[in-house]
Amino acid sequence: MDALSGARADIRRIPLENISSLAKGAFGDPSIIPLWFGEGDVPAPAFIGEALSRAIAAGHVFYTHQNGIPELRQTLADYLTGLGQRPIGPERITVSCSGMNAIMLAIQLSCEPGDNIIAVDPVWPNTGGMARLVGAQVRSAAMDYGQGGWTLDPQNVADQIDERTRAVFFASPGNPTGAMIPLETQAELLALCRQRGVWLIADEVYNRLAFGRNSAPTILDIADPEDRLIVINSFSKSWAMTGWRLGWMVHPPSLGPTLAMMTQYSTSGVTTFLQHAGVAAIREGEPFVAWMRGYCETGMGIVCEALERLPRVRMGPRPQAGMYAYFEIDGMPDSRQACLDILAKTSVGLAPGVFFGPGSETFLRACVCRKPEVLATAMERLSEALA
């Protein structure tokens with residue numbers, strides 16, 4: 001009997017395989033073009049690192065407020081107020097150790113063992129994994145896929161809600177689809193959750209990577225402060241801070257003390273000097289965010305143009321946000337095996353759709369946040385393999 005047998009049964013039932021496990025044998029191999037993770041090849045701009053160094057030199061290295069340092073919370077509140085149509089106060093902000101940590105807190109807050117969460121999919125697999133870690137079930141509310149791309153019928157969500165449903169989770173822009181859910185549809189989701197008394201958790205991590213516009217539609221523009229709504233965000237994508245592990249959540253003001261307590265018992269708070277770097281990212285980072293948006297849009301054009309020429313590849317309209325191309329290949333029933341075969345033949349790493357929910361088993365995801373010349377090489381290799 002090994003030690004794992006002593007772990008909780010619902011922990012043991014969570015599949016060990018994910019995108020990271022598929023890619024682990026290729027870490028550090030310079031011959032491989034890694035398009036499997038949601039991470040670009042752009043480091044955070046120098047001014048953010050300089051702000052972090054100044055914070056360390058100034059002695060910002062001690063414990064601090066569990067909801068986040070007041071300066072960062074106020075900076076984020078001002079940023080969100082300026083970006084949207086309704087004021088957001090600092091009492092509604094909690095800083096987290098990454099966007100994933102924010103998702104963890106939101107699910108721990110809303111779900112108990114035996115409850116369920118409705119996930120609008122295709123969806124980033126870590127969300128469902130976190131729900132299972134707390135002993136909750138995950139139910140799928142599938143988006144529809146057709147000539148118009150990925151769209152959501154709120155009735156698909158309503159059909160999955162029962163007496164044990166505690167939360168509905170959706171992402172807009174979506175990972176892996178890049179789909180932006182219209183504000184009218186988000187309003188229907190909010191009304192449904194109000195009616196049924198369940199939490200609505202909105203992932204807006206890719207909110208600033210909406211092509212041709214300053215930001216994607218946000219549910220914060222239509223929600224009341226005390227709605228059962230938690231909006232997740234992160235510095236990882238728009239500010240190229242994936243390894244920094246810094247995020248935040250917008251929540252009802254009354255939740256602030258509870259989230260501070262939960263933070264105390266999980267991470268005890270976000271690294272203090274890192275939060276000062278976050279202040280610099282928000283206050284000085286708008287030119288970089290605009291550049292990053294254009295970088296992803298250029299990459300999306302390169303990848304989609306190449307894929308659209310391949311007769312075996314099926315794609316809807318090009319994604320208008322995010323950093324992923326999501327596509328099907330005719331005659332490919334098993335996306336996991338396809339990714340392994342493509343990796344062996346081309347040294348290009350892709351993520352299999354099977355990890356993103358029911359109905360995505362035949363899809364592949366490619367991250368487009370790479371240098372144009374790297375993406376061009378990747379597409380040349382894929383074109384030969386998928387012709």
# chains A, B, ... in the order shown; residues from 1 in each chain; ligands from 1
>>> residues_around(residues="range 165-167 of chain A", least_positions_apart="5", cutoff="9 Å", atoms="only C-alpha atoms", output="mmCIF file with C-alpha atoms, in the first residue's frame")
data_model
loop_
_atom_site.group_PDB
_atom_site.id
_atom_site.type_symbol
_atom_site.label_atom_id
_atom_site.label_comp_id
_atom_site.auth_asym_id
_atom_site.auth_seq_id
_atom_site.Cartn_x
_atom_site.Cartn_y
_atom_site.Cartn_z
ATOM 1 C CA ILE A 107 -14.672 28.089 -5.462
ATOM 2 C CA SER A 110 -19.025 29.047 -2.852
ATOM 3 C CA CYS A 111 -18.862 25.235 -2.879
ATOM 4 C CA GLU A 112 -18.939 22.431 -0.332
ATOM 5 C CA ASP A 115 -22.231 20.637 -4.416
ATOM 6 C CA ASN A 116 -21.769 21.303 -8.110
ATOM 7 C CA ILE A 117 -20.468 24.118 -10.265
ATOM 8 C CA ILE A 118 -21.643 24.752 -13.829
ATOM 9 C CA ALA A 119 -18.706 25.395 -16.171
ATOM 10 C CA GLN A 160 -27.777 22.179 -15.712
ATOM 11 C CA CYS A 193 -27.918 33.438 -11.078
ATOM 12 C CA GLY A 197 -29.436 32.251 -5.791
ATOM 13 C CA VAL A 198 -26.111 30.929 -7.097
ATOM 14 C CA TRP A 199 -22.730 32.574 -7.484
ATOM 15 C CA LEU A 200 -21.468 33.787 -10.835
ATOM 16 C CA ILE A 201 -17.693 33.563 -11.309
#
>>> closest_atom_pairs(of="range 156-216 of chain A", to="range 285-309 of chain A", cutoff="12 Å", atoms="only C-alpha atoms", output="JSON lines")
{"residue": "A:Gly178", "atom": "CA", "partner": "A:Met300", "partner_atom": "CA", "distance": 10.5}
{"residue": "A:Tyr206", "atom": "CA", "partner": "A:Arg293", "partner_atom": "CA", "distance": 9.9}
{"residue": "A:Asn207", "atom": "CA", "partner": "A:Arg293", "partner_atom": "CA", "distance": 10.3}
{"residue": "A:Arg208", "atom": "CA", "partner": "A:Arg293", "partner_atom": "CA", "distance": 7.3}
{"residue": "A:Leu209", "atom": "CA", "partner": "A:Arg293", "partner_atom": "CA", "distance": 5.0}
{"residue": "A:Ala210", "atom": "CA", "partner": "A:Arg293", "partner_atom": "CA", "distance": 7.0}
{"residue": "A:Phe211", "atom": "CA", "partner": "A:Glu297", "partner_atom": "CA", "distance": 6.4}
{"residue": "A:Gly212", "atom": "CA", "partner": "A:Arg293", "partner_atom": "CA", "distance": 8.8}
{"residue": "A:Arg213", "atom": "CA", "partner": "A:Arg293", "partner_atom": "CA", "distance": 9.4}
{"residue": "A:Asn214", "atom": "CA", "partner": "A:Ala290", "partner_atom": "CA", "distance": 8.0}
{"residue": "A:Ser215", "atom": "CA", "partner": "A:Arg293", "partner_atom": "CA", "distance": 9.9}
{"residue": "A:Ala216", "atom": "CA", "partner": "A:Arg293", "partner_atom": "CA", "distance": 11.8}
>>> write_last_selection(atoms="N, CA and C atoms", output="PDB file, in the first residue's frame")
ATOM      1  N   GLY A 178     -11.187  32.044 -27.377  1.00  0.00           N
ATOM      2  CA  GLY A 178     -11.070  33.452 -27.718  1.00  0.00           C
ATOM      3  C   GLY A 178     -12.411  34.148 -27.887  1.00  0.00           C
ATOM      4  N   TYR A 206      -8.274  37.599 -19.958  1.00  0.00           N
ATOM      5  CA  TYR A 206      -7.894  38.042 -21.303  1.00  0.00           C
ATOM      6  C   TYR A 206      -8.655  39.307 -21.727  1.00  0.00           C
ATOM      7  N   ASN A 207      -9.216  39.999 -20.767  1.00  0.00           N
ATOM      8  CA  ASN A 207     -10.083  41.144 -21.042  1.00  0.00           C
ATOM      9  C   ASN A 207      -9.417  42.221 -21.882  1.00  0.00           C
ATOM     10  N   ARG A 208      -8.113  42.464 -21.688  1.00  0.00           N
ATOM     11  CA  ARG A 208      -7.430  43.530 -22.415  1.00  0.00           C
ATOM     12  C   ARG A 208      -6.853  43.065 -23.750  1.00  0.00           C
ATOM     13  N   LEU A 209      -6.963  41.780 -24.049  1.00  0.00           N
ATOM     14  CA  LEU A 209      -6.436  41.269 -25.309  1.00  0.00           C
ATOM     15  C   LEU A 209      -7.560  41.083 -26.319  1.00  0.00           C
ATOM     16  N   ALA A 210      -8.433  42.079 -26.407  1.00  0.00           N
ATOM     17  CA  ALA A 210      -9.530  42.082 -27.373  1.00  0.00           C
ATOM     18  C   ALA A 210      -9.100  42.932 -28.553  1.00  0.00           C
ATOM     19  N   PHE A 211      -9.035  42.336 -29.727  1.00  0.00           N
ATOM     20  CA  PHE A 211      -8.473  42.994 -30.900  1.00  0.00           C
ATOM     21  C   PHE A 211      -9.393  44.128 -31.392  1.00  0.00           C
ATOM     22  N   GLY A 212      -8.764  45.246 -31.725  1.00  0.00           N
ATOM     23  CA  GLY A 212      -9.504  46.352 -32.285  1.00  0.00           C
ATOM     24  C   GLY A 212     -10.313  47.154 -31.288  1.00  0.00           C
ATOM     25  N   ARG A 213     -10.124  46.900 -30.006  1.00  0.00           N
ATOM     26  CA  ARG A 213     -10.842  47.638 -28.977  1.00  0.00           C
ATOM     27  C   ARG A 213      -9.997  47.667 -27.707  1.00  0.00           C
ATOM     28  N   ASN A 214     -10.341  48.541 -26.793  1.00  0.00           N
ATOM     29  CA  ASN A 214      -9.525  48.712 -25.592  1.00  0.00           C
ATOM     30  C   ASN A 214      -9.701  47.562 -24.613  1.00  0.00           C
ATOM     31  N   SER A 215     -10.899  46.982 -24.566  1.00  0.00           N
ATOM     32  CA  SER A 215     -11.153  45.858 -23.657  1.00  0.00           C
ATOM     33  C   SER A 215     -12.408  45.131 -24.110  1.00  0.00           C
ATOM     34  N   ALA A 216     -12.547  43.906 -23.646  1.00  0.00           N
ATOM     35  CA  ALA A 216     -13.739  43.117 -23.942  1.00  0.00           C
ATOM     36  C   ALA A 216     -14.891  43.556 -23.046  1.00  0.00           C
TER      37      ALA A 216
END
>>> residues_around(residues="Ala26 in chain A", least_positions_apart="4", cutoff="12 Å", atoms="only C-alpha atoms", output="PDB file with C-alpha atoms, in the first residue's frame")
ATOM      1  CA  ILE A  19      -1.211  19.933 -20.464  1.00  0.00           C
ATOM      2  CA  SER A  20       1.838  20.114 -18.210  1.00  0.00           C
ATOM      3  CA  SER A  21       2.153  16.346 -17.971  1.00  0.00           C
ATOM      4  CA  LEU A  22       1.932  16.087 -21.752  1.00  0.00           C
ATOM      5  CA  PRO A  30      15.472  23.932 -27.905  1.00  0.00           C
ATOM      6  CA  SER A  31      14.296  22.072 -31.001  1.00  0.00           C
ATOM      7  CA  ILE A  32      10.659  22.213 -29.884  1.00  0.00           C
ATOM      8  CA  ILE A  33       8.375  25.156 -30.565  1.00  0.00           C
ATOM      9  CA  PRO A  34       6.142  25.202 -27.469  1.00  0.00           C
ATOM     10  CA  LEU A  35       2.677  26.419 -28.379  1.00  0.00           C
ATOM     11  CA  TRP A  36       0.899  24.329 -25.749  1.00  0.00           C
ATOM     12  CA  LEU A 340       1.804  13.367 -29.337  1.00  0.00           C
ATOM     13  CA  LEU A 343       5.110  16.619 -31.513  1.00  0.00           C
ATOM     14  CA  ALA A 344       7.056  13.579 -32.683  1.00  0.00           C
ATOM     15  CA  SER A 347       8.590  19.274 -32.799  1.00  0.00           C
ATOM     16  CA  VAL A 348       5.649  21.642 -32.367  1.00  0.00           C
ATOM     17  CA  GLY A 349       3.829  21.391 -29.049  1.00  0.00           C
ATOM     18  CA  LEU A 350       0.042  21.817 -29.070  1.00  0.00           C
TER      19      LEU A 350
END
>>> residues_around(residues="Ile56 in chain A", least_positions_apart="3", cutoff="10 Å", atoms="only C-alpha atoms", output="mmCIF file with N, CA and C atoms, in the first residue's frame")
data_model
loop_
_atom_site.group_PDB
_atom_site.id
_atom_site.type_symbol
_atom_site.label_atom_id
_atom_site.label_comp_id
_atom_site.auth_asym_id
_atom_site.auth_seq_id
_atom_site.Cartn_x
_atom_site.Cartn_y
_atom_site.Cartn_z
ATOM 1 N N GLU A 50 12.044 46.946 -12.369
ATOM 2 C CA GLU A 50 12.711 48.033 -11.651
ATOM 3 C C GLU A 50 11.896 48.470 -10.442
ATOM 4 N N ALA A 51 10.576 48.491 -10.585
ATOM 5 C CA ALA A 51 9.721 48.839 -9.454
ATOM 6 C C ALA A 51 9.836 47.802 -8.343
ATOM 7 N N LEU A 52 9.926 46.537 -8.723
ATOM 8 C CA LEU A 52 10.101 45.481 -7.733
ATOM 9 C C LEU A 52 11.426 45.657 -6.987
ATOM 10 N N SER A 53 12.504 45.939 -7.717
ATOM 11 C CA SER A 53 13.810 46.122 -7.087
ATOM 12 C C SER A 53 13.801 47.307 -6.125
ATOM 13 N N GLY A 59 12.629 48.206 1.591
ATOM 14 C CA GLY A 59 12.262 47.411 2.758
ATOM 15 C C GLY A 59 10.851 46.877 2.753
ATOM 16 N N HIS A 60 10.200 46.810 1.589
ATOM 17 C CA HIS A 60 8.836 46.265 1.510
ATOM 18 C C HIS A 60 8.906 44.734 1.415
ATOM 19 N N VAL A 61 9.340 44.120 2.505
ATOM 20 C CA VAL A 61 9.608 42.680 2.500
ATOM 21 C C VAL A 61 8.923 41.967 3.669
ATOM 22 N N PHE A 62 7.949 42.624 4.301
ATOM 23 C CA PHE A 62 7.321 42.060 5.494
ATOM 24 C C PHE A 62 5.869 41.697 5.225
ATOM 25 N N THR A 272 4.911 41.181 -0.644
ATOM 26 C CA THR A 272 4.703 42.623 -0.558
ATOM 27 C C THR A 272 5.375 43.380 -1.693
ATOM 28 N N PHE A 273 6.659 43.091 -1.952
ATOM 29 C CA PHE A 273 7.335 43.855 -2.993
ATOM 30 C C PHE A 273 6.773 43.555 -4.380
ATOM 31 N N LEU A 274 6.199 42.364 -4.560
ATOM 32 C CA LEU A 274 5.560 42.043 -5.830
ATOM 33 C C LEU A 274 4.336 42.924 -6.062
ATOM 34 N N HIS A 276 4.004 45.987 -5.136
ATOM 35 C CA HIS A 276 4.480 47.290 -5.593
ATOM 36 C C HIS A 276 4.815 47.248 -7.090
#
>>> closest_residue(among="A:Gln264, A:Pro352, A:Ala387, A:Gly38", to="Pro311 in chain A", atoms="only C-alpha atoms")
A:Ala387
>>> select_by_dssp(residues="range 220-294 of chain A", states="helix (DSSP H, G or I)", output="ChimeraX atom specification")
/A:220-221,242-244,253-264,272-284,286-294
>>> write_last_selection(atoms="C-alpha atoms", output="PDB file, in the first residue's frame")
ATOM      1  CA  LEU A 220     -18.864  44.687 -13.984  1.00  0.00           C
ATOM      2  CA  ASP A 221     -20.618  47.250 -16.188  1.00  0.00           C
ATOM      3  CA  THR A 242       3.051  34.709 -16.047  1.00  0.00           C
ATOM      4  CA  GLY A 243       5.812  33.623 -13.668  1.00  0.00           C
ATOM      5  CA  TRP A 244       5.237  36.482 -11.248  1.00  0.00           C
ATOM      6  CA  PRO A 253     -17.715  44.702  -0.400  1.00  0.00           C
ATOM      7  CA  SER A 254     -19.162  42.549   2.379  1.00  0.00           C
ATOM      8  CA  LEU A 255     -16.835  39.692   1.371  1.00  0.00           C
ATOM      9  CA  GLY A 256     -13.634  41.598   2.097  1.00  0.00           C
ATOM     10  CA  PRO A 257     -13.116  40.382   5.694  1.00  0.00           C
ATOM     11  CA  THR A 258     -14.003  36.794   4.755  1.00  0.00           C
ATOM     12  CA  LEU A 259     -11.535  36.750   1.868  1.00  0.00           C
ATOM     13  CA  ALA A 260      -8.884  38.230   4.148  1.00  0.00           C
ATOM     14  CA  MET A 261      -9.476  35.348   6.571  1.00  0.00           C
ATOM     15  CA  MET A 262      -9.325  32.766   3.765  1.00  0.00           C
ATOM     16  CA  THR A 263      -6.104  34.304   2.499  1.00  0.00           C
ATOM     17  CA  GLN A 264      -4.632  34.192   6.004  1.00  0.00           C
ATOM     18  CA  THR A 272       4.703  42.623  -0.558  1.00  0.00           C
ATOM     19  CA  PHE A 273       7.335  43.855  -2.993  1.00  0.00           C
ATOM     20  CA  LEU A 274       5.560  42.043  -5.830  1.00  0.00           C
ATOM     21  CA  GLN A 275       2.456  44.113  -5.140  1.00  0.00           C
ATOM     22  CA  HIS A 276       4.480  47.290  -5.593  1.00  0.00           C
ATOM     23  CA  ALA A 277       5.523  45.944  -8.992  1.00  0.00           C
ATOM     24  CA  GLY A 278       1.813  45.486  -9.718  1.00  0.00           C
ATOM     25  CA  VAL A 279       1.205  49.160  -8.966  1.00  0.00           C
ATOM     26  CA  ALA A 280       3.829  50.097 -11.559  1.00  0.00           C
ATOM     27  CA  ALA A 281       2.358  47.655 -14.083  1.00  0.00           C
ATOM     28  CA  ILE A 282      -1.071  49.296 -13.853  1.00  0.00           C
ATOM     29  CA  ARG A 283       0.062  52.922 -13.663  1.00  0.00           C
ATOM     30  CA  GLU A 284       2.724  52.774 -16.389  1.00  0.00           C
ATOM     31  CA  GLU A 286      -0.954  50.995 -20.877  1.00  0.00           C
ATOM     32  CA  PRO A 287       1.487  51.379 -23.794  1.00  0.00           C
ATOM     33  CA  PHE A 288       2.768  47.855 -23.170  1.00  0.00           C
ATOM     34  CA  VAL A 289      -0.761  46.415 -22.946  1.00  0.00           C
ATOM     35  CA  ALA A 290      -1.588  47.988 -26.308  1.00  0.00           C
ATOM     36  CA  TRP A 291       1.618  46.551 -27.773  1.00  0.00           C
ATOM     37  CA  MET A 292       0.840  43.094 -26.338  1.00  0.00           C
ATOM     38  CA  ARG A 293      -2.643  43.209 -27.854  1.00  0.00           C
ATOM     39  CA  GLY A 294      -1.125  43.940 -31.257  1.00  0.00           C
TER      40      GLY A 294
END
>>> residues_around(residues="Leu364 in chain A", least_positions_apart="3", cutoff="8 Å", atoms="only C-alpha atoms", output="NGL selection string")
:A and (326-328 or 335 or 339 or 350-353)
>>> write_last_selection(atoms="N, CA and C atoms", output="PDB file, in the first residue's frame")
ATOM      1  N   TYR A 326      -7.953  27.790 -31.990  1.00  0.00           N
ATOM      2  CA  TYR A 326      -8.585  26.544 -31.563  1.00  0.00           C
ATOM      3  C   TYR A 326      -9.246  25.941 -32.788  1.00  0.00           C
ATOM      4  N   PHE A 327      -8.842  24.726 -33.176  1.00  0.00           N
ATOM      5  CA  PHE A 327      -9.245  24.197 -34.473  1.00  0.00           C
ATOM      6  C   PHE A 327      -9.384  22.683 -34.427  1.00  0.00           C
ATOM      7  N   GLU A 328     -10.123  22.159 -35.405  1.00  0.00           N
ATOM      8  CA  GLU A 328     -10.322  20.718 -35.566  1.00  0.00           C
ATOM      9  C   GLU A 328      -9.562  20.216 -36.783  1.00  0.00           C
ATOM     10  N   SER A 335      -7.558  13.845 -29.749  1.00  0.00           N
ATOM     11  CA  SER A 335      -6.669  15.010 -29.788  1.00  0.00           C
ATOM     12  C   SER A 335      -5.399  14.784 -28.968  1.00  0.00           C
ATOM     13  N   CYS A 339      -1.732  15.211 -30.627  1.00  0.00           N
ATOM     14  CA  CYS A 339      -0.683  16.117 -30.147  1.00  0.00           C
ATOM     15  C   CYS A 339       0.641  15.384 -29.980  1.00  0.00           C
ATOM     16  N   LEU A 350       1.406  21.308 -29.115  1.00  0.00           N
ATOM     17  CA  LEU A 350       0.042  21.817 -29.070  1.00  0.00           C
ATOM     18  C   LEU A 350      -0.686  21.232 -27.871  1.00  0.00           C
ATOM     19  N   ALA A 351      -1.771  21.862 -27.465  1.00  0.00           N
ATOM     20  CA  ALA A 351      -2.574  21.366 -26.353  1.00  0.00           C
ATOM     21  C   ALA A 351      -3.806  20.649 -26.889  1.00  0.00           C
ATOM     22  N   PRO A 352      -4.122  19.455 -26.383  1.00  0.00           N
ATOM     23  CA  PRO A 352      -5.284  18.707 -26.885  1.00  0.00           C
ATOM     24  C   PRO A 352      -6.591  19.218 -26.303  1.00  0.00           C
ATOM     25  N   GLY A 353      -7.595  19.287 -27.157  1.00  0.00           N
ATOM     26  CA  GLY A 353      -8.905  19.765 -26.724  1.00  0.00           C
ATOM     27  C   GLY A 353      -9.557  18.895 -25.679  1.00  0.00           C
TER      28      GLY A 353
END
>>> residues_around(residues="Val95 in chain A", least_positions_apart="5", cutoff="8 Å", atoms="only C-alpha atoms", output="list in words")
Asn67, Gly68, Arg73, Leu246, Gly247, Trp248, Met249 and Val270 of chain A
>>> closest_residue(among="A:Ser238, A:Gln320, A:Asn233, A:Thr177", to="Leu80 in chain A", atoms="only C-alpha atoms")
A:Asn233
>>> decode(residues="range 245-257 of chain A", atoms="N, CA and C atoms", output="PDB file, in the first residue's frame")
ATOM      1  N   ARG A 245       3.111  35.428 -10.713  1.00  0.00           N
ATOM      2  CA  ARG A 245       2.023  34.912  -9.883  1.00  0.00           C
ATOM      3  C   ARG A 245       1.348  36.015  -9.091  1.00  0.00           C
ATOM      4  N   LEU A 246       0.628  36.878  -9.817  1.00  0.00           N
ATOM      5  CA  LEU A 246      -0.066  38.005  -9.205  1.00  0.00           C
ATOM      6  C   LEU A 246      -1.408  38.185  -9.903  1.00  0.00           C
ATOM      7  N   GLY A 247      -2.472  38.202  -9.137  1.00  0.00           N
ATOM      8  CA  GLY A 247      -3.804  38.382  -9.689  1.00  0.00           C
ATOM      9  C   GLY A 247      -4.670  39.195  -8.746  1.00  0.00           C
ATOM     10  N   TRP A 248      -5.950  39.298  -9.096  1.00  0.00           N
ATOM     11  CA  TRP A 248      -6.872  39.980  -8.197  1.00  0.00           C
ATOM     12  C   TRP A 248      -8.284  39.525  -8.481  1.00  0.00           C
ATOM     13  N   MET A 249      -9.172  39.839  -7.574  1.00  0.00           N
ATOM     14  CA  MET A 249     -10.580  39.522  -7.739  1.00  0.00           C
ATOM     15  C   MET A 249     -11.421  40.728  -7.314  1.00  0.00           C
ATOM     16  N   VAL A 250     -12.521  40.925  -8.030  1.00  0.00           N
ATOM     17  CA  VAL A 250     -13.503  41.935  -7.673  1.00  0.00           C
ATOM     18  C   VAL A 250     -14.694  41.203  -7.086  1.00  0.00           C
ATOM     19  N   HIS A 251     -15.142  41.647  -5.928  1.00  0.00           N
ATOM     20  CA  HIS A 251     -16.155  40.908  -5.172  1.00  0.00           C
ATOM     21  C   HIS A 251     -17.068  41.882  -4.436  1.00  0.00           C
ATOM     22  N   PRO A 252     -18.181  41.409  -3.877  1.00  0.00           N
ATOM     23  CA  PRO A 252     -19.020  42.287  -3.059  1.00  0.00           C
ATOM     24  C   PRO A 252     -18.224  42.854  -1.882  1.00  0.00           C
ATOM     25  N   PRO A 253     -18.463  44.108  -1.508  1.00  0.00           N
ATOM     26  CA  PRO A 253     -17.715  44.702  -0.400  1.00  0.00           C
ATOM     27  C   PRO A 253     -17.812  43.898   0.894  1.00  0.00           C
ATOM     28  N   SER A 254     -18.968  43.289   1.133  1.00  0.00           N
ATOM     29  CA  SER A 254     -19.162  42.549   2.379  1.00  0.00           C
ATOM     30  C   SER A 254     -18.268  41.323   2.483  1.00  0.00           C
ATOM     31  N   LEU A 255     -17.687  40.880   1.358  1.00  0.00           N
ATOM     32  CA  LEU A 255     -16.835  39.692   1.371  1.00  0.00           C
ATOM     33  C   LEU A 255     -15.394  39.984   1.774  1.00  0.00           C
ATOM     34  N   GLY A 256     -15.023  41.261   1.830  1.00  0.00           N
ATOM     35  CA  GLY A 256     -13.634  41.598   2.097  1.00  0.00           C
ATOM     36  C   GLY A 256     -13.052  40.922   3.325  1.00  0.00           C
ATOM     37  N   PRO A 257     -13.670  41.036   4.500  1.00  0.00           N
ATOM     38  CA  PRO A 257     -13.116  40.382   5.694  1.00  0.00           C
ATOM     39  C   PRO A 257     -13.031  38.866   5.568  1.00  0.00           C
TER      40      PRO A 257
END
